[in-house]
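K.L.:
Provided herewith: coords-v4.txt, compact mmCIF, C-alpha atoms.
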```txt
# COMPACT_ATOMS: atom_id res chain seq x y z
CA MET A 183 5.99 -15.22 3.14
CA THR A 184 5.91 -14.61 6.90
CA ALA A 185 2.94 -15.47 9.09
CA PHE A 186 2.30 -11.77 9.65
CA ARG A 187 2.21 -10.97 5.93
CA GLU A 188 0.01 -13.96 5.21
CA HIS A 189 -2.38 -12.70 7.89
CA LEU A 190 -2.41 -9.24 6.28
CA ARG A 191 -3.29 -10.79 2.93
CA ARG A 192 -6.28 -12.65 4.30
CA ALA A 193 -7.46 -9.72 6.43
CA GLY A 194 -6.96 -7.25 3.58
CA GLU A 195 -9.07 -9.38 1.25
CA ARG A 196 -11.81 -9.54 3.87
CA ALA A 197 -11.67 -5.76 4.24
CA LEU A 198 -12.31 -5.32 0.52
CA GLU A 199 -15.17 -7.81 0.64
CA ALA A 200 -16.70 -5.73 3.46
CA LEU A 201 -16.97 -2.62 1.27
CA PRO A 202 -20.65 -1.62 1.02
CA VAL A 203 -22.01 -3.10 -2.20
CA PRO A 204 -24.11 -0.03 -3.15
CA LEU A 205 -20.98 2.16 -3.03
CA ARG A 206 -18.55 -0.09 -4.88
CA GLU A 207 -19.14 1.41 -8.31
CA GLU A 208 -18.36 4.84 -6.85
CA VAL A 209 -15.17 3.90 -4.98
CA TYR A 210 -12.20 5.39 -6.83
CA VAL A 211 -9.47 4.99 -4.19
CA ILE A 212 -8.63 2.63 -1.33
CA SER A 213 -6.89 4.39 1.55
CA PHE A 214 -4.24 2.68 3.67
CA ARG A 215 -3.84 4.89 6.75
CA ILE A 216 -0.77 3.92 8.76
CA TRP A 217 -0.86 4.97 12.39
CA ARG A 218 -0.03 3.87 15.94
CA HIS A 219 -1.52 3.70 19.45
CA ASP A 220 0.84 6.45 20.51
CA SER A 221 1.57 8.61 17.49
CA LEU A 222 5.34 8.23 17.91
CA ASP A 223 5.53 4.66 19.20
CA TRP A 224 6.69 2.90 16.05
CA ARG A 225 6.61 -0.52 17.73
CA HIS A 226 2.80 -0.70 17.67
CA PRO A 227 1.61 0.30 14.19
CA TYR A 228 -1.70 -0.46 12.58
CA LEU A 229 -3.19 -0.19 9.11
CA ALA A 230 -6.71 1.22 8.75
CA ILE A 231 -8.26 0.41 5.38
CA GLY A 232 -10.80 2.88 4.02
CA TYR A 233 -12.03 4.36 0.77
CA ASN A 234 -13.44 7.44 -0.90
CA THR A 235 -16.21 7.83 -3.47
CA GLU A 236 -17.04 10.04 -6.43
CA SER A 237 -20.14 11.27 -4.59
CA GLU A 238 -18.05 12.40 -1.63
CA VAL A 239 -15.75 14.38 -3.94
CA ARG A 240 -18.78 16.11 -5.47
CA ARG A 241 -20.17 16.85 -2.00
CA VAL A 242 -16.89 18.40 -0.83
CA LEU A 243 -16.62 20.55 -3.95
CA ALA A 244 -20.21 21.72 -3.66
CA ALA A 245 -19.78 22.58 0.02
CA GLY A 246 -16.52 24.44 -0.62
CA GLY A 247 -17.65 26.52 -3.56
CA THR A 248 -14.76 27.74 -5.69
CA GLY A 249 -12.28 27.63 -2.82
CA ILE A 250 -11.28 23.97 -3.20
CA ASP A 251 -9.10 22.62 -5.96
CA PRO A 252 -10.87 19.60 -7.56
CA GLY A 253 -7.65 17.60 -7.62
CA GLU A 254 -7.04 18.24 -3.94
CA ALA A 255 -10.60 17.25 -3.03
CA ARG A 256 -10.03 14.03 -4.93
CA TRP A 257 -6.52 13.05 -3.91
CA SER A 258 -5.73 14.70 -0.57
CA TYR A 259 -6.63 12.50 2.39
CA ALA A 260 -7.48 15.68 4.29
CA TYR A 261 -10.80 15.71 2.40
CA TRP A 262 -11.57 12.00 2.68
CA PRO A 263 -14.11 10.77 5.25
CA LEU A 264 -11.74 7.89 6.09
CA ASP A 265 -14.53 5.41 6.76
CA GLU A 266 -12.30 2.61 7.97
CA THR A 267 -14.91 0.28 9.40
CA THR A 268 -13.96 -2.34 6.79
CA GLY A 269 -10.65 -3.19 8.40
CA VAL A 270 -8.09 -2.22 11.05
CA LEU A 271 -5.05 -4.50 10.96
CA GLY A 272 -2.22 -4.82 13.45
CA HIS A 273 -2.07 -2.98 16.77
CA GLY A 274 -5.41 -1.23 16.36
CA PRO A 275 -6.67 1.39 18.81
CA GLU A 276 -9.41 -0.94 20.12
CA PRO A 277 -8.54 -4.21 21.89
CA GLY A 278 -10.70 -6.28 19.55
CA ASP A 279 -9.45 -4.77 16.29
CA ASP A 280 -6.92 -7.42 15.25
CA PRO A 281 -5.36 -9.28 18.18
CA VAL A 282 -3.98 -12.00 15.90
CA GLY A 283 -2.28 -9.48 13.63
CA ALA A 284 -0.89 -7.58 16.60
CA ALA A 285 0.58 -10.75 18.09
CA LEU A 286 2.09 -11.86 14.78
CA HIS A 287 3.62 -8.42 14.18
CA LEU A 288 5.09 -8.34 17.67
CA ALA A 289 6.58 -11.82 17.28
CA GLU A 290 8.08 -10.87 13.93
CA ILE A 291 9.78 -7.67 15.05
CA LYS A 292 11.16 -9.45 18.12
CA GLU A 293 12.55 -12.21 15.92
CA LEU A 294 14.14 -9.56 13.69
CA GLY A 295 15.71 -7.86 16.70
CA LEU A 296 13.76 -4.63 16.23
CA TRP A 297 11.87 -4.62 19.51
CA TYR A 298 12.97 -2.50 22.46
CA PRO A 299 11.34 -2.01 25.87
CA ASP A 300 9.72 1.21 26.96
CA PRO A 301 12.25 3.87 27.92
CA GLY A 302 12.60 3.85 31.69
CA ASP A 303 11.62 0.23 32.13
CA ASP A 304 13.67 -1.36 34.88
CA THR A 305 15.17 -4.14 32.76
CA ASP A 306 18.65 -5.12 31.72
CA GLU A 307 17.61 -4.69 28.08
CA ASP A 308 16.88 -0.99 28.48
CA ASP A 309 20.40 0.24 27.91
CA GLU A 310 20.05 1.73 24.43
CA ASP A 311 20.82 5.38 23.87
CA ASP A 312 18.49 7.64 21.90
CA GLU A 313 20.50 7.29 18.71
CA GLU A 314 20.25 3.50 18.71
CA ARG A 315 16.53 3.63 19.48
CA GLU A 316 15.98 6.06 16.61
CA ALA A 317 17.82 3.68 14.29
CA ARG A 318 15.50 0.87 15.34
CA ASP A 319 12.51 3.15 14.82
CA ASP A 320 13.63 3.75 11.24
CA LEU A 321 13.79 -0.01 10.69
CA LEU A 322 10.39 -0.51 12.31
CA ILE A 323 8.88 2.11 10.01
CA ALA A 324 10.42 0.50 6.93
CA HIS A 325 9.29 -2.97 8.06
CA PHE A 326 5.63 -1.98 8.43
CA ASP A 327 5.66 0.15 5.27
CA ASP A 328 6.98 -2.83 3.33
CA ALA A 329 4.24 -5.07 4.72
CA CYS A 330 1.52 -2.56 3.77
CA VAL A 331 2.96 -2.07 0.29
CA ALA A 332 3.15 -5.84 -0.18
CA LEU A 333 -0.51 -6.12 0.80
CA ALA A 334 -1.51 -3.43 -1.71
CA ARG A 335 0.45 -5.15 -4.47
CA HIS A 336 -1.19 -8.46 -3.58
CA LEU A 337 -4.67 -6.94 -3.83
CA HIS A 338 -3.76 -5.78 -7.33
CA THR A 339 -1.91 -8.85 -8.60
CA SER A 340 -4.35 -11.37 -7.11
CA GLY A 341 -7.20 -9.68 -8.93
CA LYS A 342 -9.07 -9.07 -5.66
CA LEU A 343 -9.51 -5.34 -6.28
CA THR A 344 -10.95 -5.96 -9.72
CA GLU A 345 -13.13 -8.79 -8.41
CA VAL A 346 -14.69 -6.59 -5.71
CA LEU A 347 -14.84 -3.22 -7.49
CA GLY A 348 -15.07 -4.32 -11.10
CA ARG A 349 -11.91 -2.41 -12.04
CA PRO A 350 -8.49 -1.61 -10.57
CA VAL A 351 -8.30 1.51 -8.40
CA PRO A 352 -5.32 3.11 -6.63
CA VAL A 353 -4.35 1.99 -3.14
CA LEU A 354 -2.76 4.97 -1.40
CA PRO A 355 -0.79 4.30 1.82
CA PHE A 356 -0.13 7.35 3.98
CA ASP A 357 1.15 8.30 7.40
CA MET A 358 0.04 11.77 8.49
CA TYR A 359 3.43 12.31 10.14
CA ARG A 360 5.39 11.44 7.01
CA ALA A 361 4.00 13.45 4.11
CA GLU A 362 7.37 13.22 2.35
CA ASP A 363 6.79 9.49 1.83
CA LEU A 364 3.37 9.67 0.16
CA ASP A 365 4.45 9.53 -3.48
CA ARG A 366 7.10 6.87 -2.85
CA LEU A 367 4.57 4.63 -1.12
CA ALA A 368 1.97 5.22 -3.83
CA GLU A 369 4.38 4.22 -6.56
CA ALA A 370 5.53 1.14 -4.64
CA ALA A 371 1.97 0.00 -3.90
CA ASN A 372 0.44 0.25 -7.38
CA PRO A 373 1.03 -0.63 -11.04
CA PRO A 374 2.12 2.56 -12.86
CA GLY A 375 -1.01 3.07 -14.93
CA VAL A 376 -3.33 2.84 -11.94
CA ILE A 377 -1.88 5.89 -10.20
CA ALA A 378 -1.14 8.06 -13.22
CA ASP A 379 -3.85 10.59 -12.30
CA TYR A 380 -2.70 10.76 -8.69
CA LEU A 381 0.95 11.26 -9.65
CA ALA A 382 0.01 13.96 -12.17
CA TRP A 383 -1.81 15.85 -9.42
CA ALA A 384 0.98 15.29 -6.89
CA GLY A 385 3.60 16.45 -9.39
CA ALA A 386 1.64 19.63 -10.05
CA GLN A 387 1.62 20.43 -6.33
CA GLU A 388 5.40 20.23 -6.24
CA GLY A 389 5.88 22.39 -9.32
```
Before anything else, please render the file you have as C-alpha cells.

P.N.:
Amino acid sequence: MTAFREHLRRAGERALEALPVPLREEVYVISFRIWRHDSLDWRHPYLAIGYNTESEVRRVLAAGGTGIDPGEARWSYAYWPLDETTGVLGHGPEPGDDPVGAALHLAEIKELGLWYPDPGDDTDEDDEDDEEREARDDLLIAHFDDACVALARHLHTSGKLTEVLGRPVPVLPFDMYRAEDLDRLAEAANPPGVIADYLAWAGAQEG
C-alpha cells in the first residue's frame, strides 16, 4: 500500500460520509470522474467523486418526454448532474482541492520514473521524443486508473458503501476522453452482481 493509495482510501471514505443524508436512500450510483487540469496532461490527474439519484432519473425522463431511453438516463454520465462537492482527489482544478493527494501522486510517479517535464522546458531532462512521451502517458493513465479502481474496490470490500448508503451500489469510473474504457473500469471496480444492471444496459448499446 503506497502513501498515495492510503491517502485515497481515507479521502474516499470521507467523500462518502459527506453525501447528503436526505439523499442517501435515493443514491443508486457513485460516479468516479477522472480528469486533469489540462485535458491531455496525463501527469496531473484528479478524481471527482459524485453520485446520481432515482429522483434525478425521474426528472430527466419527465423533462425529455419519450425521447430519452430510460436506461441511458440512468446509466449514461451525460445525464448525471455530477454533483462532486463531496470529494475531489489528486490534482484538482482548485488549489485547495487536495494538495496532499497531489503531492503524494507527484512523488509516486517521479519515484516510478513516469514523470517528464513540460515540452519545451530548457532542461537536460527534456530530450524525449513524442513516441517516448506517449508511452509514458499510457503508463500514467494506467497508474491512475489502477489507483481509482483500487479505491472503488476498497469502498466495497471495507463495507463503507453499505455503511453509508445501507446497501452496495455501483461505483462507475469514467474518463470522458476514453469511452472505450468504461466497461472495463466498471468491471474492475465492482463485484459482478453490483453492476449487472449497468452491464446489461451497456451490452445492449453495443448490440

K.L.:
Give me, as CSV, each residue of segment 262-306 of chain A that comes within 6 Å of segment 209-231 of chain A, together with its shortest interatomic pair and the distance in Å at one decimal, counting only C-alpha atoms, with rows ordered by chain and rising residue number.

P.N.:
```
residue,atom,partner,partner_atom,distance
A:Glu266,CA,A:Ile231,CA,5.3
A:Gly269,CA,A:Ile231,CA,5.3
A:Val270,CA,A:Ala230,CA,4.4
A:Leu271,CA,A:Leu229,CA,5.0
A:Gly272,CA,A:Tyr228,CA,4.5
A:His273,CA,A:Tyr228,CA,4.9
A:Gly274,CA,A:Tyr228,CA,5.4
A:Pro275,CA,A:His219,CA,5.7
```

K.L.:
Filtering to C-alpha atoms, could you give me those residues as a PDB file, in the frame of the given file?

P.N.:
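Output saved as part_39.pdb:
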```
ATOM      1  CA  GLU A 266     -12.300   2.610   7.970  1.00  0.00           C
ATOM      2  CA  GLY A 269     -10.650  -3.190   8.400  1.00  0.00           C
ATOM      3  CA  VAL A 270      -8.090  -2.220  11.050  1.00  0.00           C
ATOM      4  CA  LEU A 271      -5.050  -4.500  10.960  1.00  0.00           C
ATOM      5  CA  GLY A 272      -2.220  -4.820  13.450  1.00  0.00           C
ATOM      6  CA  HIS A 273      -2.070  -2.980  16.770  1.00  0.00           C
ATOM      7  CA  GLY A 274      -5.410  -1.230  16.360  1.00  0.00           C
ATOM      8  CA  PRO A 275      -6.670   1.390  18.810  1.00  0.00           C
TER       9      PRO A 275
END
```

K.L.:
Would you mind telling me which residue in A:Ala329, A:Met358, A:Val242, A:Ala200 lies nearest to Tyr259 of chain A when using all atoms listed in the file?

P.N.:
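When distances to Tyr259 of chain A are compared using all atoms listed in the file, the smallest one comes from A:Met358.
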
K.L.:
For segment 359-372 of chain A, find every residue with an atom within 6 Å (counting all atoms listed in the file), except residues of its own chain fewer than 3 positions away, and show them as a ChimeraX atom specification.

P.N.:
/A:331,334-335,354,356

K.L.:
Which residue out of A:Gly341, A:Gly246, A:Gly232, A:Pro355 has the minimum interatomic distance to Pro263 of chain A when all atoms listed in the file are used?

P.N.:
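Of the candidates, the smallest distance to Pro263 of chain A is held by A:Gly232.
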
K.L.:
Choose the residue, out of A:Val351, A:Trp297, A:Gly249, A:Lys342, that has the smallest atom-to-atom separation from Tyr233 of chain A; count all atoms listed in the file.

P.N.:
A:Val351

K.L.:
Near Thr339 of chain A, counting all atoms listed in the file, which residues have an atom at most 12 Å away, once you skip same-chain residues fewer than 5 positions from it, shown as a ChimeraX atom specification?

P.N.:
/A:191,332-334,344-345,350,371-373

K.L.:
Those same residues - C-alpha atoms - I'd like them written as an mmCIF file, keeping the file's coordinate frame.

P.N.:
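This is the output file out_15.cif:
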```cif
data_model
loop_
_atom_site.group_PDB
_atom_site.id
_atom_site.type_symbol
_atom_site.label_atom_id
_atom_site.label_comp_id
_atom_site.auth_asym_id
_atom_site.auth_seq_id
_atom_site.Cartn_x
_atom_site.Cartn_y
_atom_site.Cartn_z
ATOM 1 C CA ARG A 191 -3.290 -10.790 2.930
ATOM 2 C CA ALA A 332 3.150 -5.840 -0.180
ATOM 3 C CA LEU A 333 -0.510 -6.120 0.800
ATOM 4 C CA ALA A 334 -1.510 -3.430 -1.710
ATOM 5 C CA THR A 344 -10.950 -5.960 -9.720
ATOM 6 C CA GLU A 345 -13.130 -8.790 -8.410
ATOM 7 C CA PRO A 350 -8.490 -1.610 -10.570
ATOM 8 C CA ALA A 371 1.970 0.000 -3.900
ATOM 9 C CA ASN A 372 0.440 0.250 -7.380
ATOM 10 C CA PRO A 373 1.030 -0.630 -11.040
#
```

K.L.:
To one decimal in Å, tell me the separation between atom CA of Tyr298 of chain A and atom CA of Ala285 of chain A.

P.N.:
15.5 Å

K.L.:
Between A:Ala324, A:Leu296, A:Val282, A:Ala382, single out the one closest to Arg192 of chain A, counting all atoms listed in the file.

P.N.:
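Nearest candidate to Arg192 of chain A out of A:Ala324, A:Leu296, A:Val282, A:Ala382: A:Val282.
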
K.L.:
Could you state the separation of atom CA of Arg196 of chain A and atom CA of Thr268 of chain A in Å, given to one decimal place?

P.N.:
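Between these atoms lies a distance of 8.1 Å.
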
K.L.:
Please, what distance in Å, to one decimal, runs between atom CA of Leu243 of chain A and atom CA of Trp262 of chain A?

P.N.:
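About the pair atom CA of Leu243 of chain A and atom CA of Trp262 of chain A: they are 11.9 Å apart.
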
K.L.:
In terms of the shortest atom-to-atom distance over all atoms listed in the file, which of A:Ser258, A:Thr267, A:Asn234, A:Thr184 is closest to Gly283 of chain A?

P.N.:
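Result for the nearest residue to Gly283 of chain A: A:Thr184.
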
K.L.:
Can you pull out every residue within 6 Å of Val239 of chain A, counting only C-alpha atoms, but drop anything in the same chain fewer than 3 positions away, and send it as a list in words?

P.N.:
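Here the answer would be Glu236, Val242, Ala255 and Arg256 of chain A.
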